[in-house]
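A.B. asks: What follows is a structure written as structure tokens; I'll ask about it next.
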Amino acid sequence: MPALVTTQPSTSQDRGDQPGQGTGTLETRLRDRPGSFRVLTGDRPTGPLHLGHYFGTLQNRVRLQDAGVDVLVLVADYQVITDRTTMAGLPADVLGLVADNLAVGVDPARSAIFAHSQVAALNQLMLPFLSLLSVAEVGRNPTVKEEFASSGGAAMSALMFTYPVHQAADILSCRANLVPVGRDQNPHVELTRTIARRFNERYSPRQPFFQPPHVLPGAASLLLGLDGTKMSKSRGNAIALSASADETARLIRGARTDAERRISYDPQTRPEVSSLLLLAGLCLDREPATVAAEIGDGGSARLKAVVTEAVNEHLRPVRARRRELAADPAYLRTVLHRGNQRAAALAEDTLDQVRRLMSMTY
């Protein structure tokens with residue numbers, strides 16, 4: 001699942017009609033009035049989170065939380081069954097995601113971590129939302145089309161087909177209206193905007209109930225997987241936050257580079273080498289071109305040694321904290337239970353008001 005970050009501006013002046021409008025203004029408001037925002041972000045529990053998640057979304061969760069923003073982290077367990085039939089490892093993966101978030105600095109005293117399956121009102125909102133769309137509109141969503149194409153003609157589950165509507169329920173159940181995501185996720189937000197507008201037109205025309213969400217372009221890093229393709233848990237080409245130092249060294253030694261001995265940062269012509277330099281730069285808080293200049297003619301072996309040391313040193317405190325958390329599953333379940341209660345209260349309030357607007361209070 002793409003990570004979502006959603007916020008709710010407090011003035012009508014902020015509610016432009018085009019997604020992504022006023023990005024600079026939104027960042028200014030985040031700095032000046034963080035308490036007026038609510039953030040929703042999340043991941044599918046299909047395995048441990050990795051460095052792509054860490055630099056792409058996890059650090060931003062902590063940044064927003066520390067700035068005083070209300071943060072909710074979704075463990076999208078229902079989305080696991082869109083394309084999987086074996087659930088035996090799900091409890092461990094769910095608790096693993098809780099541990100990953102806490103290890104990087106998500107504070108359960110200030111942020112809530114919750115699971116899809118434990119918030120009934122969120123999922124119930126899918127029913128009225130589905131009534132606002134046609135089958136053709138859902139089928140045009142790029143994620144649905146990609147899943148259908150990759151299935152090789154195999155039957156797609158109805159849950160997978162309605163995945164974009166479920167994501168809309170994630171956003172709107174918290175009454176959120178800003179979604180900083182990658183460009184490939186814009187169609188999800190646009191479908192959510194459509195649902196919000198149509199609900200307002202049909203059930204709340206005098207005073208719009210839902211504010212159509214807006215896109216805020218994300219600042220996720222462009223790290224590639226160790227094989228040079230998109231970094232992904234399912235492809236096994238990423239370094240998990242929970243990986244040991246030795247495992248990290250082994251994975252980086254096998255990373256794809258090229259035959260040129262002189263190391264340079266050139267994402268267009270040397271994407272694999274440049275991604276490793278970017279990873280080292282992120283860990284060292286330095287420009288990747290500077291790291292490249294220091295390695296010089298050291299070749300791939302020196303590059304990989306620098307990256308390995310940078311990653312292991314940067315993640316050392318995160319990994320130590322995660323080991324402590326993993327050894328106390330009862331605490332992880334307590335954190336999740338409290339987050340479930342917080343998310344349920346928000347979603348139940350939204351559902352109650354939706355029922356009232358739909359004349360379903362009897």
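In the structure tokens, each chain is lettered A, B, ... as it comes, each chain's residues begin at 1, and ligands are numbered from 1 in order of appearance.
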For segment 65-151 of chain A versus segment 238-255 of chain A, which residues have an atom no more than 12 Å away, and what is each residue's nearest atom pair and distance in Å rounded to one decimal, using only C-alpha atoms, chain-then-number order, as CSV?

C.D. replies:
```
residue,atom,partner,partner_atom,distance
A:Gly96,CA,A:Ser242,CA,9.2
A:Leu97,CA,A:Leu241,CA,10.5
A:Ala99,CA,A:Ser242,CA,9.5
A:Asp100,CA,A:Leu241,CA,7.2
A:Asn101,CA,A:Leu241,CA,10.1
A:Leu102,CA,A:Leu241,CA,11.8
A:Ala103,CA,A:Leu241,CA,9.1
A:Val104,CA,A:Leu241,CA,9.2
```

A.B. asks: Using only C-alpha atoms, which residues sit within 8 Å of Tyr163 of chain A once same-chain residues fewer than 3 positions away are excluded, as number ranges by chain?

C.D. replies: A: 79, 82, 144, 159-160, 166-167

A.B. asks: Could you please write out, as an MDAnalysis selection string, every residue of segment 80-309 of chain A that DSSP assigns to helix (DSSP H, G or I)?

C.D. replies: chainID A and resid 80:82 90:104 116:118 120:124 126:130 135:139 142:150 158:161 163:173 183:203 245:253 271:284 288:309

A.B. asks: Considering only C-alpha atoms, return as a list of chain:residue names whatever protein or nucleic-acid residues lie within 12 Å of Ser134 of chain A, sequence-local ones (same chain, fewer than 6 positions apart) excluded.

C.D. replies: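 Those residues are A:Arg140, A:Asn141, A:Thr162, A:Val165, A:Leu191, A:Thr194, A:Ile195.
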
A.B. asks: Need the shell around segment 344-361 of chain A: protein/DNA/RNA residues with any atom at most 6 Å away, counting only C-alpha atoms. Skip same-chain ones fewer than 5 positions apart. Format as a CSV table (one decimal) with N, CA and C atoms, in the first residue's frame?

C.D. replies:
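Just written: result-v7.csv:
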```
chain,number,residue,atom,x,y,z
A,119,VAL,N,-11.3,-1.7,13.0
A,119,VAL,CA,-12.0,-0.4,13.0
A,119,VAL,C,-13.2,-0.6,12.0
A,121,ALA,N,-16.2,0.8,11.7
A,121,ALA,CA,-16.8,1.9,11.1
A,121,ALA,C,-16.1,2.4,9.8
A,122,LEU,N,-14.8,2.3,9.8
A,122,LEU,CA,-14.0,2.7,8.6
A,122,LEU,C,-14.4,1.8,7.4
A,173,SER,N,-12.7,8.6,6.5
A,173,SER,CA,-13.1,8.2,7.8
A,173,SER,C,-12.5,9.1,8.9
A,174,CYS,N,-11.4,9.6,8.6
A,174,CYS,CA,-10.7,10.6,9.6
A,174,CYS,C,-11.0,12.0,9.2
A,203,TYR,N,-26.1,14.1,-0.6
A,203,TYR,CA,-26.6,14.0,0.8
A,203,TYR,C,-26.4,15.3,1.6
```

A.B. asks: Which is closest to Ser157 of chain A among A:Val318, A:Leu279, A:Ser111, A:Asp83, if we use only C-alpha atoms?

C.D. replies: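 Among the listed residues, A:Asp83 lies closest to Ser157 of chain A.
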
A.B. asks: I want to know what sits within 9 Å of segment 293-310 of chain A, based on only C-alpha atoms, with residues of the same chain fewer than 5 positions away left out; could you give that as a list in words?

C.D. replies: Ala245, Thr248, Ala249, Ile252, Arg253, Ala255, Thr257, Asp258, Ala259, Glu260, Arg261, Arg262, Ile263, Ser264, Tyr265, Val273, Leu276, Leu277, Leu279, Ala280, Gly281, Leu282, Cys283, Leu284, Pro288 and Leu315 of chain A

A.B. asks: Generate the output file for the selected residues, N, CA, C and O atoms, as a compact mmCIF listing (two decimals), in the first residue's frame.

C.D. replies:
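Generated output (out.txt):
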```
# COMPACT_ATOMS: atom_id res chain seq x y z
N ALA A 245 23.70 -6.44 10.93
CA ALA A 245 24.81 -5.78 10.24
C ALA A 245 25.44 -6.71 9.22
O ALA A 245 25.79 -6.29 8.11
N THR A 248 23.15 -7.05 6.23
CA THR A 248 23.23 -5.83 5.44
C THR A 248 24.47 -5.83 4.56
O THR A 248 24.40 -5.51 3.36
N ALA A 249 25.61 -6.22 5.13
CA ALA A 249 26.86 -6.28 4.35
C ALA A 249 26.73 -7.27 3.20
O ALA A 249 27.18 -6.99 2.07
N ILE A 252 24.45 -5.77 0.40
CA ILE A 252 25.09 -4.68 -0.35
C ILE A 252 26.21 -5.21 -1.23
O ILE A 252 26.42 -4.71 -2.34
N ARG A 253 26.92 -6.24 -0.78
CA ARG A 253 27.96 -6.84 -1.63
C ARG A 253 27.36 -7.37 -2.93
O ARG A 253 28.02 -7.35 -3.98
N ALA A 255 24.79 -6.07 -4.50
CA ALA A 255 24.07 -5.02 -5.22
C ALA A 255 24.62 -4.82 -6.62
O ALA A 255 25.83 -4.93 -6.86
N THR A 257 25.96 -2.90 -9.77
CA THR A 257 26.65 -1.64 -10.07
C THR A 257 26.97 -1.63 -11.58
O THR A 257 26.14 -1.99 -12.38
N ASP A 258 28.19 -1.24 -11.95
CA ASP A 258 28.62 -1.32 -13.35
C ASP A 258 30.11 -1.53 -13.38
O ASP A 258 30.77 -1.64 -12.34
N ALA A 259 30.68 -1.58 -14.59
CA ALA A 259 32.10 -1.92 -14.75
C ALA A 259 33.02 -0.72 -14.66
O ALA A 259 34.25 -0.88 -14.64
N GLU A 260 32.48 0.49 -14.61
CA GLU A 260 33.33 1.69 -14.59
C GLU A 260 33.95 1.87 -13.21
O GLU A 260 33.25 1.87 -12.20
N ARG A 261 35.28 2.04 -13.18
CA ARG A 261 35.97 2.11 -11.88
C ARG A 261 35.76 3.46 -11.20
O ARG A 261 35.60 3.53 -9.97
N ARG A 262 35.75 4.52 -11.97
CA ARG A 262 35.56 5.85 -11.39
C ARG A 262 34.12 5.99 -10.92
O ARG A 262 33.18 5.81 -11.69
N ILE A 263 33.94 6.30 -9.64
CA ILE A 263 32.60 6.42 -9.08
C ILE A 263 32.10 7.85 -9.25
O ILE A 263 32.78 8.81 -8.87
N SER A 264 30.90 7.99 -9.83
CA SER A 264 30.31 9.31 -10.03
C SER A 264 28.81 9.23 -9.80
O SER A 264 28.20 8.17 -9.95
N TYR A 265 28.25 10.37 -9.46
CA TYR A 265 26.81 10.44 -9.21
C TYR A 265 26.13 10.95 -10.45
O TYR A 265 26.19 12.14 -10.78
N VAL A 273 24.63 2.69 -9.45
CA VAL A 273 25.70 3.32 -8.67
C VAL A 273 25.17 4.55 -7.95
O VAL A 273 25.45 4.78 -6.76
N LEU A 276 23.09 3.76 -4.82
CA LEU A 276 23.93 3.43 -3.66
C LEU A 276 24.56 4.68 -3.06
O LEU A 276 24.65 4.82 -1.84
N LEU A 277 24.99 5.60 -3.92
CA LEU A 277 25.55 6.86 -3.42
C LEU A 277 24.49 7.67 -2.68
O LEU A 277 24.78 8.30 -1.65
N LEU A 279 21.93 6.43 -1.09
CA LEU A 279 21.71 5.76 0.19
C LEU A 279 22.79 6.14 1.19
O LEU A 279 22.48 6.46 2.36
N ALA A 280 24.04 6.14 0.76
CA ALA A 280 25.13 6.55 1.66
C ALA A 280 24.95 8.01 2.08
O ALA A 280 25.13 8.36 3.25
N GLY A 281 24.58 8.87 1.12
CA GLY A 281 24.40 10.27 1.44
C GLY A 281 23.29 10.51 2.44
O GLY A 281 23.41 11.34 3.34
N LEU A 282 22.18 9.77 2.29
CA LEU A 282 21.07 9.90 3.23
C LEU A 282 21.49 9.48 4.63
O LEU A 282 21.12 10.11 5.63
N CYS A 283 22.26 8.41 4.71
CA CYS A 283 22.70 7.93 6.03
C CYS A 283 23.74 8.85 6.67
O CYS A 283 23.78 8.99 7.89
N LEU A 284 24.58 9.46 5.83
CA LEU A 284 25.64 10.32 6.34
C LEU A 284 25.24 11.79 6.40
O LEU A 284 26.01 12.62 6.89
N PRO A 288 25.19 13.09 -2.26
CA PRO A 288 25.74 11.89 -2.89
C PRO A 288 26.93 12.18 -3.80
O PRO A 288 27.86 11.36 -3.91
N LEU A 315 21.66 2.92 11.23
CA LEU A 315 20.56 2.12 11.76
C LEU A 315 20.86 1.46 13.10
O LEU A 315 19.97 0.82 13.67
```

A.B. asks: Go ahead and compute the interatomic distance for atom CA of Arg270 of chain A and atom CA of Leu224 of chain A, in Å to one decimal.

C.D. replies: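 Answer for the atom CA of Arg270 of chain A to atom CA of Leu224 of chain A separation: 11.7 Å.
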
A.B. asks: Given the choices A:Pro48, A:Pro205, A:Ala292, A:Gln59, which gets closest to Ala92 of chain A if the distance is worked out from only C-alpha atoms?

C.D. replies: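 The answer is A:Pro48, which sits nearest to Ala92 of chain A.
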
A.B. asks: Just the number, please: distance in Å from atom CA of Gly56 of chain A to atom CA of Glu324 of chain A, one decimal.

C.D. replies: 24.2 Å

A.B. asks: Just want the 7 Å neighbourhood of Gly68 of chain A, counted on only C-alpha atoms, with same-chain residues fewer than 3 positions away dropped. Output as a VMD selection string.

C.D. replies: chain A and resid 34 to 35 64 to 65

A.B. asks: Hey, what does DSSP flag as strand (DSSP E or B) within segment 81-223 of chain A? Can you give it to me as number ranges by chain?

C.D. replies: A: 111-115, 178-179, 214-215

A.B. asks: Those residues with N, CA and C atoms, as a short mmCIF file (atom, residue, chain, number, x, y, z; two decimals), in the first residue's frame please?

C.D. replies:
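The result, written out as selection.cif:
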```
data_model
loop_
_atom_site.label_atom_id
_atom_site.label_comp_id
_atom_site.auth_asym_id
_atom_site.auth_seq_id
_atom_site.Cartn_x
_atom_site.Cartn_y
_atom_site.Cartn_z
N SER A 111 1.02 9.60 18.86
CA SER A 111 0.52 9.09 17.58
C SER A 111 -0.20 7.77 17.81
N ALA A 112 -1.14 7.46 16.93
CA ALA A 112 -1.92 6.23 17.05
C ALA A 112 -1.58 5.27 15.92
N ILE A 113 -1.34 4.00 16.26
CA ILE A 113 -1.12 2.95 15.27
C ILE A 113 -2.30 2.00 15.36
N PHE A 114 -2.98 1.76 14.22
CA PHE A 114 -4.18 0.94 14.26
C PHE A 114 -4.26 0.03 13.05
N ALA A 115 -5.13 -0.97 13.12
CA ALA A 115 -5.28 -1.95 12.04
C ALA A 115 -6.66 -1.83 11.39
N LEU A 178 -5.93 16.21 2.76
CA LEU A 178 -4.66 16.44 2.05
C LEU A 178 -3.87 15.16 2.07
N VAL A 179 -3.40 14.71 0.88
CA VAL A 179 -2.71 13.44 0.77
C VAL A 179 -1.38 13.63 0.06
N HIS A 214 -6.74 16.79 -1.23
CA HIS A 214 -5.78 17.34 -2.19
C HIS A 214 -4.47 16.59 -2.10
N VAL A 215 -3.74 16.59 -3.20
CA VAL A 215 -2.43 15.96 -3.25
C VAL A 215 -1.36 16.96 -2.85
#
```

A.B. asks: Just the number, please: distance in Å from atom CA of Pro212 of chain A to atom CA of Gln341 of chain A, one decimal.

C.D. replies: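 Between atom CA of Pro212 of chain A and atom CA of Gln341 of chain A the gap works out to 25.6 Å.
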
A.B. asks: Can you work out which one of A:Arg342, A:Thr269, A:Phe209, A:Arg256 has the shortest atom-to-atom distance to Arg110 of chain A, counting only C-alpha atoms?

C.D. replies: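 Between A:Arg342, A:Thr269, A:Phe209, A:Arg256, the residue approaching Arg110 of chain A most closely is A:Arg342.
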
A.B. asks: Do you know which residues are at most 12 Å from Gly89 of chain A counting only C-alpha atoms, after dropping those on the same chain fewer than 3 positions away, and could you put them as a list of chain:residue names?

C.D. replies: A:Pro45, A:Thr46, A:Gly47, A:Pro48, A:Asp77, A:Val80, A:Arg84, A:Thr85, A:Thr86, A:Ala92, A:Asp93, A:Val94, A:Leu95, A:Gly96
